[in-house]
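Engineer: Below: one structure in C-alpha coordinates.
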Amino acid sequence: NDILLSHPEETPRLKHWYDFEKKGYWALTLFDDAYPDKLREIEPVPYVLFGRGDSSVLTGFSIAVIGSRKPSAYGVSCTEHFAEGLVREGVVILSGLAYGIDSLAHRAALRSSCPTVAILGSGIDRIYPPSHRSLAEEIVRKGCVLSEYPPGERALPYHFVHRNRLISGLSDGVLVIEANRRSGTMITVNCACEQGKN
(Lines give C-alpha, C1' and ligand atoms only; values in the text may rest on other atoms or scores of the structure.)
Protein backbone atom coordinates (compact mmCIF):
# COMPACT_ATOMS: atom_id res chain seq x y z
CA ASN A 1 0.00 0.00 0.00
CA ASP A 2 2.86 2.39 0.80
CA ILE A 3 4.28 1.82 -2.68
CA LEU A 4 0.87 2.46 -4.23
CA LEU A 5 0.48 5.73 -2.33
CA SER A 6 3.98 7.06 -2.95
CA HIS A 7 4.47 5.83 -6.52
CA PRO A 8 1.05 4.98 -7.96
CA GLU A 9 2.30 5.42 -11.51
CA GLU A 10 4.71 2.53 -11.02
CA THR A 11 2.15 -0.14 -10.12
CA PRO A 12 1.72 -2.74 -12.91
CA ARG A 13 -2.10 -2.64 -12.76
CA LEU A 14 -2.18 1.13 -13.24
CA LYS A 15 0.25 0.99 -16.14
CA HIS A 16 -1.96 -1.71 -17.66
CA TRP A 17 -5.02 0.54 -17.21
CA TYR A 18 -3.29 3.43 -18.96
CA ASP A 19 -2.89 1.14 -21.99
CA PHE A 20 -6.63 0.50 -21.95
CA GLU A 21 -7.40 4.21 -21.64
CA LYS A 22 -5.49 4.81 -24.86
CA LYS A 23 -8.00 2.47 -26.52
CA GLY A 24 -10.93 4.56 -25.29
CA TYR A 25 -11.83 2.57 -22.18
CA TRP A 26 -13.20 4.44 -19.17
CA ALA A 27 -14.13 3.67 -15.59
CA LEU A 28 -16.75 5.20 -13.32
CA THR A 29 -16.76 4.81 -9.55
CA LEU A 30 -19.45 5.54 -7.00
CA PHE A 31 -17.64 8.82 -6.31
CA ASP A 32 -18.04 10.08 -9.89
CA ASP A 33 -20.89 12.44 -10.76
CA ALA A 34 -21.36 10.58 -14.06
CA TYR A 35 -22.03 7.28 -12.25
CA PRO A 36 -25.66 6.33 -13.04
CA ASP A 37 -27.90 7.01 -10.05
CA LYS A 38 -30.10 3.99 -10.81
CA LEU A 39 -27.20 1.64 -10.05
CA ARG A 40 -26.55 3.32 -6.71
CA GLU A 41 -29.84 1.85 -5.56
CA ILE A 42 -29.27 -1.85 -6.31
CA GLU A 43 -27.74 -4.59 -4.16
CA PRO A 44 -24.94 -5.33 -4.28
CA VAL A 45 -23.84 -1.98 -5.68
CA PRO A 46 -21.13 -2.21 -8.36
CA TYR A 47 -18.38 0.04 -7.02
CA VAL A 48 -16.70 0.43 -10.41
CA LEU A 49 -18.14 0.33 -13.92
CA PHE A 50 -15.87 -0.21 -16.91
CA GLY A 51 -16.98 0.85 -20.35
CA ARG A 52 -16.36 1.90 -23.91
CA GLY A 53 -18.42 4.38 -25.87
CA ASP A 54 -20.66 7.21 -24.70
CA SER A 55 -21.24 7.00 -20.94
CA SER A 56 -23.92 9.72 -21.09
CA VAL A 57 -26.43 7.21 -22.54
CA LEU A 58 -26.44 5.46 -19.13
CA THR A 59 -28.54 8.29 -17.68
CA GLY A 60 -31.28 8.24 -20.32
CA PHE A 61 -34.70 6.59 -20.04
CA SER A 62 -34.09 2.96 -20.91
CA ILE A 63 -35.87 -0.34 -21.32
CA ALA A 64 -34.19 -3.74 -21.07
CA VAL A 65 -35.25 -6.00 -23.94
CA ILE A 66 -34.36 -9.60 -23.12
CA GLY A 67 -35.39 -13.15 -23.93
CA SER A 68 -34.55 -16.48 -25.45
CA ARG A 69 -31.26 -17.23 -27.19
CA LYS A 70 -33.27 -19.33 -29.66
CA PRO A 71 -36.39 -17.31 -30.38
CA SER A 72 -39.19 -18.43 -32.67
CA ALA A 73 -39.97 -16.53 -35.85
CA TYR A 74 -42.75 -14.81 -33.92
CA GLY A 75 -40.27 -13.84 -31.18
CA VAL A 76 -37.92 -12.35 -33.76
CA SER A 77 -40.78 -10.32 -35.27
CA CYS A 78 -41.94 -9.09 -31.85
CA THR A 79 -38.42 -8.08 -30.82
CA GLU A 80 -37.89 -6.01 -33.93
CA HIS A 81 -41.37 -4.46 -33.72
CA PHE A 82 -41.13 -3.41 -30.07
CA ALA A 83 -37.47 -2.37 -30.14
CA GLU A 84 -37.98 -0.18 -33.20
CA GLY A 85 -41.05 1.38 -31.59
CA LEU A 86 -39.17 2.12 -28.38
CA VAL A 87 -36.23 3.79 -30.10
CA ARG A 88 -38.61 5.97 -32.12
CA GLU A 89 -39.78 7.34 -28.78
CA GLY A 90 -36.20 8.09 -27.71
CA VAL A 91 -35.83 5.09 -25.40
CA VAL A 92 -32.35 3.59 -24.92
CA ILE A 93 -32.38 -0.18 -25.42
CA LEU A 94 -30.44 -2.24 -22.87
CA SER A 95 -29.55 -5.88 -23.26
CA GLY A 96 -26.81 -8.44 -22.72
CA LEU A 97 -25.27 -8.96 -26.19
CA ALA A 98 -26.27 -12.64 -26.10
CA TYR A 99 -27.53 -14.68 -29.05
CA GLY A 100 -31.18 -14.35 -29.96
CA ILE A 101 -33.41 -11.64 -28.48
CA ASP A 102 -30.52 -9.61 -27.00
CA SER A 103 -28.63 -9.16 -30.23
CA LEU A 104 -31.83 -8.57 -32.20
CA ALA A 105 -32.78 -5.73 -29.84
CA HIS A 106 -29.32 -4.15 -30.12
CA ARG A 107 -29.42 -4.38 -33.92
CA ALA A 108 -32.88 -2.83 -34.11
CA ALA A 109 -31.60 0.23 -32.24
CA LEU A 110 -28.51 0.45 -34.44
CA ARG A 111 -30.60 0.26 -37.63
CA SER A 112 -32.42 3.37 -36.42
CA SER A 113 -29.08 5.05 -35.58
CA CYS A 114 -30.12 5.12 -31.92
CA PRO A 115 -28.00 4.36 -28.86
CA THR A 116 -28.05 0.98 -27.18
CA VAL A 117 -26.17 -0.39 -24.17
CA ALA A 118 -24.71 -3.89 -23.94
CA ILE A 119 -23.97 -5.11 -20.41
CA LEU A 120 -21.41 -7.91 -20.26
CA GLY A 121 -20.57 -10.78 -17.96
CA SER A 122 -16.88 -10.40 -18.81
CA GLY A 123 -14.29 -7.67 -19.18
CA ILE A 124 -15.12 -5.21 -21.95
CA ASP A 125 -12.05 -6.37 -23.89
CA ARG A 126 -13.26 -10.00 -23.86
CA ILE A 127 -16.53 -9.88 -25.75
CA TYR A 128 -18.77 -12.89 -25.24
CA PRO A 129 -19.88 -14.52 -27.40
CA PRO A 130 -16.77 -13.83 -29.52
CA SER A 131 -18.88 -13.86 -32.69
CA HIS A 132 -20.49 -10.62 -31.47
CA ARG A 133 -17.28 -8.59 -31.43
CA SER A 134 -18.28 -6.66 -34.55
CA LEU A 135 -21.72 -5.98 -33.04
CA ALA A 136 -20.03 -4.69 -29.87
CA GLU A 137 -17.90 -2.32 -31.97
CA GLU A 138 -21.05 -0.97 -33.64
CA ILE A 139 -22.64 -0.47 -30.24
CA VAL A 140 -19.60 1.46 -29.00
CA ARG A 141 -20.05 3.92 -31.88
CA LYS A 142 -23.74 4.55 -31.06
CA GLY A 143 -23.97 3.82 -27.33
CA CYS A 144 -21.74 1.90 -24.97
CA VAL A 145 -20.54 -1.48 -23.77
CA LEU A 146 -20.51 -1.82 -19.97
CA SER A 147 -19.27 -4.24 -17.32
CA GLU A 148 -18.54 -4.35 -13.62
CA TYR A 149 -15.65 -6.72 -14.38
CA PRO A 150 -12.21 -5.27 -15.15
CA PRO A 151 -10.58 -5.69 -18.55
CA GLY A 152 -9.08 -9.13 -18.94
CA GLU A 153 -11.79 -10.90 -16.93
CA ARG A 154 -13.14 -14.00 -18.67
CA ALA A 155 -16.82 -14.77 -19.13
CA LEU A 156 -17.78 -17.19 -16.34
CA PRO A 157 -21.24 -18.63 -15.63
CA TYR A 158 -21.75 -16.84 -12.31
CA HIS A 159 -20.71 -13.51 -13.88
CA PHE A 160 -23.88 -13.59 -15.97
CA VAL A 161 -26.05 -14.15 -12.91
CA HIS A 162 -24.51 -11.03 -11.33
CA ARG A 163 -24.65 -9.14 -14.63
CA ASN A 164 -28.42 -9.60 -14.84
CA ARG A 165 -29.03 -7.36 -11.80
CA LEU A 166 -27.23 -4.56 -13.71
CA ILE A 167 -29.46 -5.01 -16.75
CA SER A 168 -32.59 -4.66 -14.64
CA GLY A 169 -31.06 -2.07 -12.30
CA LEU A 170 -30.00 0.30 -15.06
CA SER A 171 -33.32 0.04 -16.86
CA ASP A 172 -36.57 1.85 -16.16
CA GLY A 173 -38.51 -1.25 -17.15
CA VAL A 174 -37.98 -4.76 -18.52
CA LEU A 175 -39.56 -6.19 -21.67
CA VAL A 176 -39.37 -9.99 -21.93
CA ILE A 177 -39.89 -11.62 -25.32
CA GLU A 178 -40.01 -15.42 -25.05
CA ALA A 179 -38.18 -17.11 -22.18
CA ASN A 180 -38.01 -20.48 -20.45
CA ARG A 181 -39.12 -20.58 -16.84
CA ARG A 182 -35.60 -21.56 -15.77
CA SER A 183 -33.33 -19.18 -17.66
CA GLY A 184 -31.09 -16.17 -17.28
CA THR A 185 -33.98 -14.06 -18.53
CA MET A 186 -36.10 -15.04 -15.55
CA ILE A 187 -33.20 -14.28 -13.20
CA THR A 188 -33.24 -10.76 -14.63
CA VAL A 189 -37.02 -10.60 -14.14
CA ASN A 190 -36.62 -11.64 -10.50
CA CYS A 191 -33.95 -8.95 -10.03
CA ALA A 192 -36.31 -6.40 -11.58
CA CYS A 193 -39.10 -7.39 -9.20
CA GLU A 194 -36.78 -7.08 -6.20
CA GLN A 195 -35.73 -3.64 -7.47
CA GLY A 196 -39.34 -2.51 -7.87
CA LYS A 197 -39.21 -2.39 -11.67
CA ASN A 198 -42.10 -3.20 -14.01
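Following the order of the C-alpha coordinates, chains are lettered A, B, ..., residues in each are numbered from 1, and ligands are numbered from 1.
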Which residues in region 10-138 of chain A does DSSP call strand (DSSP E)? List them as a PyMOL selection string.
Structural biologist: chain A and resi 25-29+48-53+62-67+92-95+116-119
Engineer: Tell me which protein, DNA and RNA residues are within 8 Å of region 56-66 of chain A, counting only C-alpha atoms, leaving out same-chain ones fewer than 2 positions away, and put them as a VMD selection string.
Structural biologist: chain A and resid 34 36 to 37 54 68 79 83 90 to 96 101 to 102 105 115 to 117 143 to 144 167 to 168 170 to 177 185
Engineer: Would you list the contacts of Pro151 (chain A) as JSON, numbers by chain, taking every protein, DNA or RNA residue within 8 Å and counting only C-alpha atoms, but skipping same-chain residues closer than 6 positions in sequence?
Structural biologist: {"A": [50, 122, 123, 124, 125, 126]}
Engineer: Which neighbours of region 129-136 of chain A fall inside 12 Å, counting only C-alpha atoms, when residues of the same chain fewer than 2 positions from it are skipped, and could you give them as a PyMOL selection string?
Structural biologist: chain A and resi 51-53+69+95-100+102-111+116-122+124-127+138-146+154-156
Engineer: Set the distance at 9 Å and use only C-alpha atoms: which residues neighbour Tyr47 (chain A) once local chain neighbours fewer than 6 positions away are removed? I'd like the list as a ChimeraX atom specification.
Structural biologist: /A:28-31,40,148
Engineer: Could you write out the selected residues, including all heavy atoms, as a PDB file, in the first residue's frame?
Structural biologist:
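Final output, saved to out.pdb:
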ATOM      1  N   LEU A  28     -15.977   4.332 -14.200  1.00  0.00           N
ATOM      2  CA  LEU A  28     -16.747   5.203 -13.318  1.00  0.00           C
ATOM      3  C   LEU A  28     -16.838   4.550 -11.945  1.00  0.00           C
ATOM      4  O   LEU A  28     -17.130   3.350 -11.846  1.00  0.00           O
ATOM      5  CB  LEU A  28     -18.171   5.406 -13.846  1.00  0.00           C
ATOM      6  CG  LEU A  28     -18.338   6.151 -15.172  1.00  0.00           C
ATOM      7  CD1 LEU A  28     -19.804   6.130 -15.596  1.00  0.00           C
ATOM      8  CD2 LEU A  28     -17.845   7.581 -15.043  1.00  0.00           C
ATOM      9  N   THR A  29     -16.595   5.330 -10.908  1.00  0.00           N
ATOM     10  CA  THR A  29     -16.759   4.812  -9.554  1.00  0.00           C
ATOM     11  C   THR A  29     -17.958   5.481  -8.897  1.00  0.00           C
ATOM     12  O   THR A  29     -18.503   6.464  -9.419  1.00  0.00           O
ATOM     13  CB  THR A  29     -15.506   5.087  -8.690  1.00  0.00           C
ATOM     14  OG1 THR A  29     -15.477   6.483  -8.343  1.00  0.00           O
ATOM     15  CG2 THR A  29     -14.232   4.726  -9.436  1.00  0.00           C
ATOM     16  N   LEU A  30     -18.340   4.959  -7.751  1.00  0.00           N
ATOM     17  CA  LEU A  30     -19.450   5.538  -7.002  1.00  0.00           C
ATOM     18  C   LEU A  30     -19.230   7.009  -6.667  1.00  0.00           C
ATOM     19  O   LEU A  30     -20.171   7.740  -6.398  1.00  0.00           O
ATOM     20  CB  LEU A  30     -19.651   4.764  -5.698  1.00  0.00           C
ATOM     21  CG  LEU A  30     -20.500   3.491  -5.771  1.00  0.00           C
ATOM     22  CD1 LEU A  30     -20.395   2.728  -4.463  1.00  0.00           C
ATOM     23  CD2 LEU A  30     -21.950   3.832  -6.077  1.00  0.00           C
ATOM     24  N   PHE A  31     -17.972   7.443  -6.671  1.00  0.00           N
ATOM     25  CA  PHE A  31     -17.645   8.819  -6.306  1.00  0.00           C
ATOM     26  C   PHE A  31     -17.726   9.776  -7.489  1.00  0.00           C
ATOM     27  O   PHE A  31     -17.575  10.980  -7.327  1.00  0.00           O
ATOM     28  CB  PHE A  31     -16.239   8.879  -5.692  1.00  0.00           C
ATOM     29  CG  PHE A  31     -16.078   7.954  -4.519  1.00  0.00           C
ATOM     30  CD1 PHE A  31     -15.373   6.774  -4.642  1.00  0.00           C
ATOM     31  CD2 PHE A  31     -16.652   8.256  -3.292  1.00  0.00           C
ATOM     32  CE1 PHE A  31     -15.232   5.909  -3.565  1.00  0.00           C
ATOM     33  CE2 PHE A  31     -16.521   7.399  -2.211  1.00  0.00           C
ATOM     34  CZ  PHE A  31     -15.807   6.219  -2.349  1.00  0.00           C
ATOM     35  N   ARG A  40     -26.877   3.079  -8.118  1.00  0.00           N
ATOM     36  CA  ARG A  40     -26.550   3.324  -6.708  1.00  0.00           C
ATOM     37  C   ARG A  40     -27.584   2.685  -5.788  1.00  0.00           C
ATOM     38  O   ARG A  40     -27.351   2.529  -4.590  1.00  0.00           O
ATOM     39  CB  ARG A  40     -26.495   4.830  -6.425  1.00  0.00           C
ATOM     40  CG  ARG A  40     -25.427   5.605  -7.176  1.00  0.00           C
ATOM     41  CD  ARG A  40     -25.472   7.081  -6.822  1.00  0.00           C
ATOM     42  NE  ARG A  40     -24.651   7.892  -7.705  1.00  0.00           N
ATOM     43  CZ  ARG A  40     -23.353   8.124  -7.520  1.00  0.00           C
ATOM     44  NH1 ARG A  40     -22.743   7.599  -6.479  1.00  0.00           N
ATOM     45  NH2 ARG A  40     -22.678   8.874  -8.386  1.00  0.00           N
ATOM     46  N   GLU A 148     -19.111  -4.602 -14.938  1.00  0.00           N
ATOM     47  CA  GLU A 148     -18.540  -4.351 -13.616  1.00  0.00           C
ATOM     48  C   GLU A 148     -17.238  -5.121 -13.442  1.00  0.00           C
ATOM     49  O   GLU A 148     -16.560  -4.980 -12.427  1.00  0.00           O
ATOM     50  CB  GLU A 148     -19.519  -4.743 -12.515  1.00  0.00           C
ATOM     51  CG  GLU A 148     -19.816  -6.224 -12.400  1.00  0.00           C
ATOM     52  CD  GLU A 148     -20.802  -6.534 -11.287  1.00  0.00           C
ATOM     53  OE1 GLU A 148     -20.637  -6.001 -10.172  1.00  0.00           O
ATOM     54  OE2 GLU A 148     -21.743  -7.315 -11.547  1.00  0.00           O
TER      55      GLU A 148
END
Engineer: Identify all residues of chain A in helix (DSSP H, G or I) (DSSP on the backbone) and supply them as a VMD selection string.
Structural biologist: chain A and resid 2 to 6 8 to 10 12 to 22 37 to 40 55 to 59 73 to 88 101 to 111 130 to 142 157 to 170 184 to 194
Engineer: Determine the nearest neighbour of Trp26 (chain A) from the options A:Leu166, A:Val87, A:Val48, A:Val189, counting only C-alpha atoms.
Structural biologist: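 Of the candidates, the smallest distance to Trp26 (chain A) is held by A:Val48.
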Engineer: Rank nothing, just name the residue among A:Ala192, A:Ile187, A:Ala179, A:Leu49 nearest to Ser72 (chain A), using only C-alpha atoms.
Structural biologist: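 Counting only C-alpha atoms, the residue closest to Ser72 (chain A) is A:Ala179.
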Engineer: I'd like to know which of A:Gly169, A:Pro71, A:Gly85, A:Pro150 is closest to Glu43 (chain A), using only C-alpha atoms.
Structural biologist: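 Result for the nearest residue to Glu43 (chain A): A:Gly169.
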